[in-house]
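Remarks on the structure that follows.
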Amino acid sequence: NRNDTTARIAHVFRGTFVHSTSGAAVEILQNCVLGVDDQGKIAFIENDRDEESLSKLWGFGASDIKQLGQHEFLMPGMVDTHIHASQYSYTGTALDLPLLEWLNTYTFPVEAKYKDLEFANNVYTKVVRRTLKNGTTTACYFATIHTDASLLLGELADKFGQRALVGKVCMDCNSAVPQYKESSSEFKPVVTPRFAPSCSSSLLSELGEIANNNKLHIQSHISENKGEVELVKTLFPGCKSYTDVYLKHKLLTDRTVMAHGCHLTDEELEIFHETGSAISHCPNSNISICSGMLNVRNVLNHKVKLGLGTDVAAGYSPSMLDAMRRTLDTSKALTIQDPQHKTLSFEEVFRLATLGGSEGKIPSLIDK
Ligand code: GUN
Ligand code: FE
């Protein structure tokens, strides 16, 4: 029954629709009609046998229906849970160094350029248009330390019609480019600690406080590369693990997305489960700069929320279809190493790229 009488139907499609649910990794709905209201929300999806009663109820005519072709289907937009908009300009280059050297040699010098809003406008326009073209309707972006340019990225996503979570990157130590770090007084309440090695303990605490007081999302990197894990041990000797660093600074919440996690232990994954924090799996990046191979099956077995990310520019493709293929490749490589490993199916990977990345406070793929 239609209970919202104010919404109007803006579009009606007839044909095949493909999506994921908690019960089915892929569900194919054939011979259906789908109505979208003027707020952009799906109002109904029903068998086309009910077309006549739907058209009376919602007030659309046969000529308003767009028939999809025999080989066409509609699917949910994909969610890129981890992408550095500011690194888009050098995508596909500079993949010959491991993480910590890669950051200092290639990444920090480029990110420092976003002081210039014209430069930012040029690259940010391109990355939003390109990812939308590739089917990314929602993106969790890392910008740079520059507040103006980060706001501009948000405005551009809005203008082009992409749902975006934009993080102004926070970092106050260990940058090889001295002009590319901040002093604490310049911080704005945007919760994107770059990663533990770039942040002092007081910065992490402040960001944890801001996030919790304002119920904000948090994004960062964790356990991407072994050298990084070792570095975190020496920088935070009082913490039991990399995960413990973020936990102690109140940065693990049910609104947190941590990228990579290749080298997390089972005990650390248990903390992710307990806090409701999510992992962004970035397989292209993990292989491109030789960081590691995340065992996604093991993460899911721990009932931890997981989505896919392109991680441009350590990942060389801004396309979520590529992230899906690379997820399968890594899973198959793990099976080659250990035949007991249960390879992910393409249906499961489709679900991770869509529903998996959209999971908020209440995860639908896992029973708590
Ligand atoms: N860890 C800290 N910063 C970054 C970054 O920009 N890219 C990747 N892949 N890992 C990081
Ligand atoms: Fe990243």
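Chain labels A, B, ... are given in the sequence in which chains occur in the structure tokens; within each chain residues are numbered consecutively from 1, and ligands are likewise numbered from 1 in the order shown.
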
How close does each residue of chain A get to ligand 2, giving the shortest atom pair and distance in Å to one decimal for every residue with an atom at most 8 Å away, counting only C-alpha atoms and all ligand atoms, sorted by chain and residue number, as JSON lines?
{"residue": "A:His82", "atom": "CA", "partner": "ligand 2", "partner_atom_place_in_ligand_line": "1 (Fe)", "distance": 6.4}
{"residue": "A:Ile83", "atom": "CA", "partner": "ligand 2", "partner_atom_place_in_ligand_line": "1 (Fe)", "distance": 6.3}
{"residue": "A:His84", "atom": "CA", "partner": "ligand 2", "partner_atom_place_in_ligand_line": "1 (Fe)", "distance": 6.3}
{"residue": "A:Phe142", "atom": "CA", "partner": "ligand 2", "partner_atom_place_in_ligand_line": "1 (Fe)", "distance": 7.8}
{"residue": "A:Ser220", "atom": "CA", "partner": "ligand 2", "partner_atom_place_in_ligand_line": "1 (Fe)", "distance": 7.7}
{"residue": "A:His221", "atom": "CA", "partner": "ligand 2", "partner_atom_place_in_ligand_line": "1 (Fe)", "distance": 6.4}
{"residue": "A:Ala259", "atom": "CA", "partner": "ligand 2", "partner_atom_place_in_ligand_line": "1 (Fe)", "distance": 6.3}
{"residue": "A:His260", "atom": "CA", "partner": "ligand 2", "partner_atom_place_in_ligand_line": "1 (Fe)", "distance": 7.9}
{"residue": "A:Asp311", "atom": "CA", "partner": "ligand 2", "partner_atom_place_in_ligand_line": "1 (Fe)", "distance": 4.9}
{"residue": "A:Val312", "atom": "CA", "partner": "ligand 2", "partner_atom_place_in_ligand_line": "1 (Fe)", "distance": 7.2}
{"residue": "A:Ala313", "atom": "CA", "partner": "ligand 2", "partner_atom_place_in_ligand_line": "1 (Fe)", "distance": 8.0}
{"residue": "A:Ala314", "atom": "CA", "partner": "ligand 2", "partner_atom_place_in_ligand_line": "1 (Fe)", "distance": 7.1}

Contacts between ligand 1 and chain A, please, where a residue of chain A counts if it comes within 10 Å (with only C-alpha atoms and all ligand atoms); show its shortest atom pair and distance in Å to one decimal, rows by chain and ascending number, as a tab-separated table.
residue	atom	partner	partner_atom_place_in_ligand_line	distance
A:His82	CA	ligand 1	9 (N)	9.3
A:Ile83	CA	ligand 1	7 (N)	8.6
A:His84	CA	ligand 1	6 (O)	6.6
A:Ala85	CA	ligand 1	6 (O)	9.9
A:Ser86	CA	ligand 1	6 (O)	9.0
A:Gln87	CA	ligand 1	6 (O)	7.7
A:Pro98	CA	ligand 1	9 (N)	9.6
A:Leu99	CA	ligand 1	10 (N)	6.4
A:Leu100	CA	ligand 1	1 (N)	7.7
A:Trp102	CA	ligand 1	7 (N)	8.5
A:Leu103	CA	ligand 1	6 (O)	6.4
A:Asn104	CA	ligand 1	3 (N)	9.8
A:Tyr106	CA	ligand 1	6 (O)	9.8
A:Thr107	CA	ligand 1	6 (O)	6.6
A:Phe108	CA	ligand 1	6 (O)	8.2
A:Glu111	CA	ligand 1	6 (O)	9.2
A:Phe142	CA	ligand 1	6 (O)	8.1
A:Ala143	CA	ligand 1	6 (O)	9.6
A:Thr144	CA	ligand 1	6 (O)	9.4
A:Val169	CA	ligand 1	3 (N)	9.3
A:Met171	CA	ligand 1	3 (N)	9.7
A:Pro193	CA	ligand 1	2 (C)	9.0
A:Arg194	CA	ligand 1	2 (C)	5.4
A:Phe195	CA	ligand 1	2 (C)	5.2
A:Ala196	CA	ligand 1	2 (C)	8.3
A:Pro197	CA	ligand 1	2 (C)	8.0
A:Ser198	CA	ligand 1	2 (C)	7.6
A:Ser220	CA	ligand 1	2 (C)	7.7
A:His221	CA	ligand 1	1 (N)	5.5
A:Ile222	CA	ligand 1	1 (N)	7.7
A:Ser223	CA	ligand 1	1 (N)	9.1
A:Glu224	CA	ligand 1	10 (N)	6.9
A:Asn225	CA	ligand 1	10 (N)	8.7
A:Glu228	CA	ligand 1	1 (N)	8.6
A:Ala259	CA	ligand 1	10 (N)	7.9
A:His260	CA	ligand 1	9 (N)	8.1
A:Cys282	CA	ligand 1	9 (N)	8.4
A:Asn284	CA	ligand 1	9 (N)	9.9
A:Ser285	CA	ligand 1	9 (N)	6.3
A:Asn286	CA	ligand 1	9 (N)	7.8
A:Ser288	CA	ligand 1	9 (N)	9.6
A:Ile289	CA	ligand 1	9 (N)	8.2
A:Ser291	CA	ligand 1	9 (N)	8.8
A:Thr310	CA	ligand 1	9 (N)	9.6
A:Asp311	CA	ligand 1	9 (N)	6.0
A:Val312	CA	ligand 1	9 (N)	7.7
A:Ala313	CA	ligand 1	7 (N)	7.2
A:Ala314	CA	ligand 1	9 (N)	5.0
A:Gly315	CA	ligand 1	9 (N)	7.5

TODO: Based on DSSP run over this structure's backbone, return all residues of range 36-263 of chain A in strand (DSSP E), as a ChimeraX atom specification.
DONE: /A:36-37,42-47,65-67,78-84,136-142,163-167,169-170,192-193,218-222,256-260

With N, CA and C atoms retained, export the selected residues as a compact mmCIF listing (two decimals), in the first residue's frame.
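Listed below is the output, selection-v2.txt:
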# COMPACT_ATOMS: atom_id res chain seq x y z
N VAL A 36 10.85 5.44 -9.44
CA VAL A 36 11.73 6.32 -8.65
C VAL A 36 10.96 7.60 -8.38
N ASP A 37 10.92 8.04 -7.12
CA ASP A 37 10.14 9.25 -6.82
C ASP A 37 10.96 10.52 -7.08
N ILE A 42 13.81 4.96 -4.58
CA ILE A 42 13.00 3.90 -5.20
C ILE A 42 11.68 3.80 -4.43
N ALA A 43 10.58 3.98 -5.15
CA ALA A 43 9.27 3.96 -4.50
C ALA A 43 8.66 2.56 -4.53
N PHE A 44 8.92 1.84 -5.60
CA PHE A 44 8.39 0.47 -5.68
C PHE A 44 9.21 -0.34 -6.66
N ILE A 45 9.23 -1.63 -6.45
CA ILE A 45 9.74 -2.56 -7.46
C ILE A 45 8.86 -3.79 -7.38
N GLU A 46 8.10 -4.01 -8.45
CA GLU A 46 7.06 -5.05 -8.45
C GLU A 46 7.08 -5.80 -9.77
N ASN A 47 6.43 -6.95 -9.75
CA ASN A 47 6.27 -7.72 -10.97
C ASN A 47 5.45 -6.92 -11.98
N ILE A 65 6.74 4.87 -19.12
CA ILE A 65 7.62 3.75 -18.75
C ILE A 65 8.77 3.62 -19.74
N LYS A 66 9.99 3.54 -19.18
CA LYS A 66 11.15 3.31 -20.05
C LYS A 66 11.45 1.81 -20.04
N GLN A 67 11.33 1.22 -21.23
CA GLN A 67 11.58 -0.23 -21.35
C GLN A 67 13.09 -0.47 -21.54
N MET A 78 27.76 1.69 -7.33
CA MET A 78 28.82 1.08 -6.52
C MET A 78 29.38 2.10 -5.53
N VAL A 79 29.87 1.58 -4.42
CA VAL A 79 30.37 2.42 -3.33
C VAL A 79 31.89 2.24 -3.25
N ASP A 80 32.62 3.31 -3.56
CA ASP A 80 34.08 3.25 -3.41
C ASP A 80 34.39 3.69 -1.98
N THR A 81 34.77 2.73 -1.15
CA THR A 81 34.93 3.04 0.28
C THR A 81 36.30 3.63 0.62
N HIS A 82 37.15 3.79 -0.40
CA HIS A 82 38.45 4.40 -0.10
C HIS A 82 39.13 4.88 -1.38
N ILE A 83 39.18 6.20 -1.56
CA ILE A 83 39.84 6.76 -2.74
C ILE A 83 40.44 8.12 -2.39
N HIS A 84 41.68 8.33 -2.83
CA HIS A 84 42.34 9.62 -2.59
C HIS A 84 42.12 10.49 -3.82
N THR A 136 30.47 4.75 -9.86
CA THR A 136 30.60 4.99 -8.42
C THR A 136 29.63 6.10 -8.03
N THR A 137 28.54 5.72 -7.38
CA THR A 137 27.56 6.74 -6.99
C THR A 137 27.82 7.27 -5.59
N THR A 138 28.62 6.53 -4.81
CA THR A 138 29.04 7.00 -3.48
C THR A 138 30.54 6.78 -3.35
N ALA A 139 31.24 7.80 -2.83
CA ALA A 139 32.68 7.66 -2.64
C ALA A 139 33.10 8.23 -1.29
N CYS A 140 34.00 7.52 -0.60
CA CYS A 140 34.64 8.04 0.61
C CYS A 140 35.99 8.58 0.19
N TYR A 141 36.08 9.90 0.12
CA TYR A 141 37.29 10.54 -0.40
C TYR A 141 38.24 10.98 0.71
N PHE A 142 39.53 10.80 0.46
CA PHE A 142 40.56 11.52 1.19
C PHE A 142 40.90 12.72 0.30
N ARG A 163 27.24 11.09 -4.27
CA ARG A 163 27.20 11.12 -2.81
C ARG A 163 28.63 10.96 -2.32
N ALA A 164 29.11 11.92 -1.54
CA ALA A 164 30.53 11.86 -1.16
C ALA A 164 30.74 12.10 0.31
N LEU A 165 31.59 11.33 0.91
CA LEU A 165 32.09 11.61 2.25
C LEU A 165 33.50 12.12 2.05
N VAL A 166 33.72 13.38 2.42
CA VAL A 166 35.01 14.01 2.13
C VAL A 166 35.78 14.25 3.41
N GLY A 167 36.98 13.76 3.44
CA GLY A 167 37.84 13.97 4.61
C GLY A 167 38.98 14.91 4.31
N VAL A 169 42.40 15.72 5.20
CA VAL A 169 43.41 14.86 5.82
C VAL A 169 44.08 15.58 6.99
N CYS A 170 44.21 14.88 8.10
CA CYS A 170 44.90 15.43 9.27
C CYS A 170 46.22 14.70 9.47
N THR A 192 39.68 12.61 9.52
CA THR A 192 40.49 11.79 8.64
C THR A 192 41.95 11.83 9.08
N PRO A 193 42.26 11.15 10.20
CA PRO A 193 43.68 11.02 10.52
C PRO A 193 44.31 10.22 9.38
N ILE A 218 34.62 8.34 10.56
CA ILE A 218 36.08 8.39 10.71
C ILE A 218 36.66 7.51 9.61
N GLN A 219 37.73 7.98 8.97
CA GLN A 219 38.41 7.10 8.01
C GLN A 219 39.91 7.22 8.18
N SER A 220 40.60 6.12 7.97
CA SER A 220 42.06 6.13 8.05
C SER A 220 42.60 4.89 7.38
N HIS A 221 43.88 4.63 7.59
CA HIS A 221 44.54 3.43 7.06
C HIS A 221 45.01 2.58 8.25
N ILE A 222 45.05 1.26 8.04
CA ILE A 222 45.58 0.39 9.10
C ILE A 222 46.27 -0.83 8.49
N THR A 256 33.29 4.01 11.60
CA THR A 256 34.69 4.03 11.16
C THR A 256 34.92 3.13 9.95
N VAL A 257 35.70 3.63 8.98
CA VAL A 257 36.17 2.79 7.86
C VAL A 257 37.70 2.84 7.83
N MET A 258 38.33 1.70 7.99
CA MET A 258 39.79 1.61 7.95
C MET A 258 40.21 0.89 6.66
N ALA A 259 41.11 1.52 5.90
CA ALA A 259 41.53 0.92 4.63
C ALA A 259 42.63 -0.12 4.86
N HIS A 260 42.58 -1.16 4.04
CA HIS A 260 43.60 -2.22 3.93
C HIS A 260 43.47 -3.34 4.97

Open item on the list: Let me make sure I understand: among A:Asn31, A:Asn295, A:Ala94, A:Gly276, which one has the smallest atom-to-atom distance to Asp338 in chain A if we use only C-alpha atoms?
Closed with: A:Asn295

Do a neighbour search on Thr16 in chain A at 9 Å with only C-alpha atoms, toss out local chain neighbours closer than 3 positions, and write the hits as a short mmCIF file (atom, residue, chain, number, x, y, z; two decimals) with N, CA and C atoms, in the first residue's frame.
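The result, stored in around_16.cif:
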data_model
loop_
_atom_site.label_atom_id
_atom_site.label_comp_id
_atom_site.auth_asym_id
_atom_site.auth_seq_id
_atom_site.Cartn_x
_atom_site.Cartn_y
_atom_site.Cartn_z
N ILE A 28 18.38 -11.69 -9.20
CA ILE A 28 18.03 -11.16 -10.52
C ILE A 28 16.51 -11.09 -10.61
N LEU A 29 15.99 -9.87 -10.78
CA LEU A 29 14.54 -9.68 -10.85
C LEU A 29 14.18 -9.40 -12.30
N GLN A 30 13.50 -10.35 -12.93
CA GLN A 30 13.14 -10.17 -14.34
C GLN A 30 11.68 -9.76 -14.47
N ASN A 31 11.36 -9.11 -15.57
CA ASN A 31 9.98 -8.67 -15.83
C ASN A 31 9.40 -7.89 -14.67
N CYS A 32 10.13 -6.89 -14.24
CA CYS A 32 9.67 -6.07 -13.12
C CYS A 32 9.53 -4.62 -13.56
N VAL A 33 8.76 -3.87 -12.76
CA VAL A 33 8.71 -2.41 -12.96
C VAL A 33 9.25 -1.76 -11.70
N LEU A 68 13.70 -1.29 -20.67
CA LEU A 68 15.12 -1.63 -20.84
C LEU A 68 15.25 -2.65 -21.96
N GLY A 69 16.37 -2.60 -22.67
CA GLY A 69 16.60 -3.55 -23.76
C GLY A 69 16.82 -4.96 -23.25
N GLN A 70 16.81 -5.90 -24.17
CA GLN A 70 16.91 -7.31 -23.82
C GLN A 70 18.22 -7.61 -23.09
N HIS A 71 19.28 -6.88 -23.46
CA HIS A 71 20.59 -7.15 -22.85
C HIS A 71 20.98 -6.09 -21.84
N GLU A 72 19.99 -5.33 -21.39
CA GLU A 72 20.28 -4.29 -20.39
C GLU A 72 19.72 -4.70 -19.03
N PHE A 73 20.31 -4.17 -17.99
CA PHE A 73 19.74 -4.32 -16.65
C PHE A 73 20.16 -3.14 -15.80
N LEU A 74 19.42 -2.90 -14.74
CA LEU A 74 19.81 -1.86 -13.79
C LEU A 74 20.34 -2.54 -12.53
N MET A 75 21.34 -1.91 -11.90
CA MET A 75 21.91 -2.42 -10.65
C MET A 75 22.19 -1.23 -9.73
#

Task: Who sits within 9 Å of Lys342 in chain A, only C-alpha atoms, same chain under 2 positions skipped, as an MDAnalysis selection string - done: chainID A and resid 297 331:332 334:335 339:340 344

Can you tell me, as a CSV table (one decimal) with C-alpha atoms, in the first residue's frame, what residues are no more than 12 Å from Glu182 in chain A when counting only C-alpha atoms, ignoring any on the same chain fewer than 6 positions away?
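For reference, part-v6.csv as written:
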chain,number,residue,atom,x,y,z
A,112,ALA,CA,51.2,19.8,-1.1
A,144,THR,CA,44.5,16.8,1.5
A,145,ILE,CA,45.3,18.9,4.6
A,146,HIS,CA,43.8,22.0,2.9
A,147,THR,CA,40.4,23.0,4.2
A,168,LYS,CA,40.2,16.8,5.1
A,169,VAL,CA,43.4,14.9,5.8
A,170,CYS,CA,44.9,15.4,9.3
A,171,MET,CA,48.6,14.9,9.9
A,172,ASP,CA,51.1,16.6,12.1
A,173,CYS,CA,54.3,14.6,12.0
A,174,ASN,CA,56.7,12.4,10.0
A,175,SER,CA,56.3,14.0,6.6
A,188,LYS,CA,39.1,21.8,11.5
A,198,SER,CA,51.5,10.7,10.4
A,199,CYS,CA,49.7,11.6,13.6
A,200,SER,CA,50.8,12.5,17.1
A,203,LEU,CA,46.1,14.8,17.4
